[in-house]
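The structure appears right after this line, and notes come after that.
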Amino acid sequence: MDFGFKISPSSAVNLDNVDLSLYDRLAEVEPDIRKCIACGSCSASCPANRFSGMSVRKAILGLQRGKEKEVAKMLSTCMLCGKCSMVCPRGINTRHLILSICKFYKED
Ligand code: SF4
Ligand code: SF4
């Protein structure tokens with residue numbers, strides 16, 4: 001029977017099944033990733049955000065949830081301008097972090 005709508009596939013993430021081994025290795029070389037408080041200042045200052053949804057905050061949360069492919073796609077739109085580094089209240093060198101994420105998730 002056609003009800004005129006379809007149920008969307010669930011986007012729920014079972015955190016018990018997420019493999020964080022690569023994320024933990026990344027955190028060893030970029031310990032500041034654990035200092036993020038998800039305030040969103042980086043996203044608000046990012047010139048790419050309004051066009052591509054680029055956001056360091058989203059990238060960090062995505063990696064913690066095992067969404068590496070989505071994160072890699074988003075990071076490819078970063079222009080490495082460094083504006084996000086200047087506004088981070090936790091003093092995270094987000095530009096350097098982005099480069100490390102790209103390196104880590106490319107190698108494996
Ligand atoms: S500005 Fe810094 S602390 Fe805030 S969400 Fe971005 S990376 Fe995290
Ligand atoms: S370095 Fe990348 S994420 Fe940061 S503000 Fe510039 S374009 Fe946005």
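In the structure tokens, each chain is lettered A, B, ... as it comes, each chain's residues begin at 1, and ligands are numbered from 1 in order of appearance.
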Task: Near-ligand residues for ligand 2, threshold 8 Å, only C-alpha atoms and all ligand atoms, as a ChimeraX atom specification - done: /A:42-43,45-49,54-56,75,77-85,94-95,98
- [ ] Enumerate as an NGL selection string all residues of range 15-107 of chain A assigned to helix (DSSP H, G or I) by DSSP on the backbone, naming them with the chain letters and numbers the document uses.
- [x] :A and (15-17 or 21-29 or 31-35 or 41-45 or 49-52 or 56-64 or 68-75 or 83-87 or 94-107)
Contacts to ligand 1 at 10 Å cut-off (only C-alpha atoms and all ligand atoms) as an mmCIF file with C-alpha atoms, in the first residue's frame:
data_model
loop_
_atom_site.group_PDB
_atom_site.id
_atom_site.type_symbol
_atom_site.label_atom_id
_atom_site.label_comp_id
_atom_site.auth_asym_id
_atom_site.auth_seq_id
_atom_site.Cartn_x
_atom_site.Cartn_y
_atom_site.Cartn_z
ATOM 1 C CA ASP A 32 44.408 18.805 21.648
ATOM 2 C CA ILE A 33 41.602 17.000 19.840
ATOM 3 C CA ARG A 34 40.400 15.910 23.283
ATOM 4 C CA LYS A 35 40.214 19.546 24.420
ATOM 5 C CA CYS A 36 37.407 20.453 22.002
ATOM 6 C CA ILE A 37 34.235 21.550 23.784
ATOM 7 C CA ALA A 38 32.158 21.574 20.578
ATOM 8 C CA CYS A 39 31.429 25.288 20.979
ATOM 9 C CA GLY A 40 31.120 25.852 17.220
ATOM 10 C CA SER A 41 33.291 28.995 17.032
ATOM 11 C CA CYS A 42 35.377 27.317 14.324
ATOM 12 C CA SER A 43 32.286 26.622 12.224
ATOM 13 C CA ALA A 44 30.996 30.178 12.644
ATOM 14 C CA SER A 45 34.273 31.666 11.436
ATOM 15 C CA SER A 55 33.288 22.468 10.328
ATOM 16 C CA VAL A 56 36.127 21.320 12.548
ATOM 17 C CA ARG A 57 33.581 20.696 15.272
ATOM 18 C CA LYS A 58 31.570 18.404 13.001
ATOM 19 C CA ALA A 59 34.763 16.679 11.857
ATOM 20 C CA ILE A 60 35.813 15.852 15.423
ATOM 21 C CA LEU A 61 32.346 14.627 16.378
ATOM 22 C CA CYS A 84 39.297 28.642 12.830
ATOM 23 C CA SER A 85 42.633 28.409 14.681
ATOM 24 C CA MET A 86 42.405 32.075 15.603
ATOM 25 C CA VAL A 87 38.984 31.844 17.252
ATOM 26 C CA CYS A 88 39.173 28.525 19.089
ATOM 27 C CA PRO A 89 38.667 29.287 22.802
ATOM 28 C CA ARG A 90 40.600 26.134 23.694
ATOM 29 C CA GLY A 91 43.647 27.231 21.729
ATOM 30 C CA ILE A 92 43.538 24.222 19.432
ATOM 31 C CA ASN A 93 45.656 24.545 16.302
ATOM 32 C CA THR A 94 42.726 23.399 14.181
ATOM 33 C CA ARG A 95 44.540 23.947 10.908
ATOM 34 C CA LEU A 97 44.653 19.186 13.307
#
TODO: Would you mind reading off the distance between CA of Ala12 in chain A and CA of Gly66 in chain A, one decimal, in Å?
DONE: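 Computing the Euclidean distance for CA of Ala12 in chain A and CA of Gly66 in chain A yields 11.7 Å.
Going from CA of Leu15 in chain A over to CA of Lys103 in chain A, you cover 24.0 Å.
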Open item on the list: Could you tell me how far CA of Lys69 in chain A sits from CA of Gly53 in chain A, in Å to one decimal place?
Closed with: 14.7 Å
TODO: Would you kindly return, as a list in words, each protein, DNA or RNA residue with an atom no farther than 12 Å from any atom of Ser21 in chain A, considering only C-alpha atoms and excluding same-chain residues fewer than 4 positions away?
DONE: Asn17, Arg25, Leu26, Ala27, Glu28, Leu63, Gln64, Gly66, Phe104, Tyr105 and Asp108 of chain A
Which polymer residues have any atom within 10 Å of an atom of Lys106 in chain A, counting only C-alpha atoms, with same-chain residues fewer than 5 positions away left out, as a PDB file with C-alpha atoms, in the first residue's frame?
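Dumped everything to part-v4.pdb:
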ATOM      1  CA  ALA A  72      37.083  13.060   4.694  1.00  0.00           C
ATOM      2  CA  SER A 100      46.808  15.464  10.704  1.00  0.00           C
ATOM      3  CA  ILE A 101      43.308  14.053  10.263  1.00  0.00           C
TER       4      ILE A 101
END
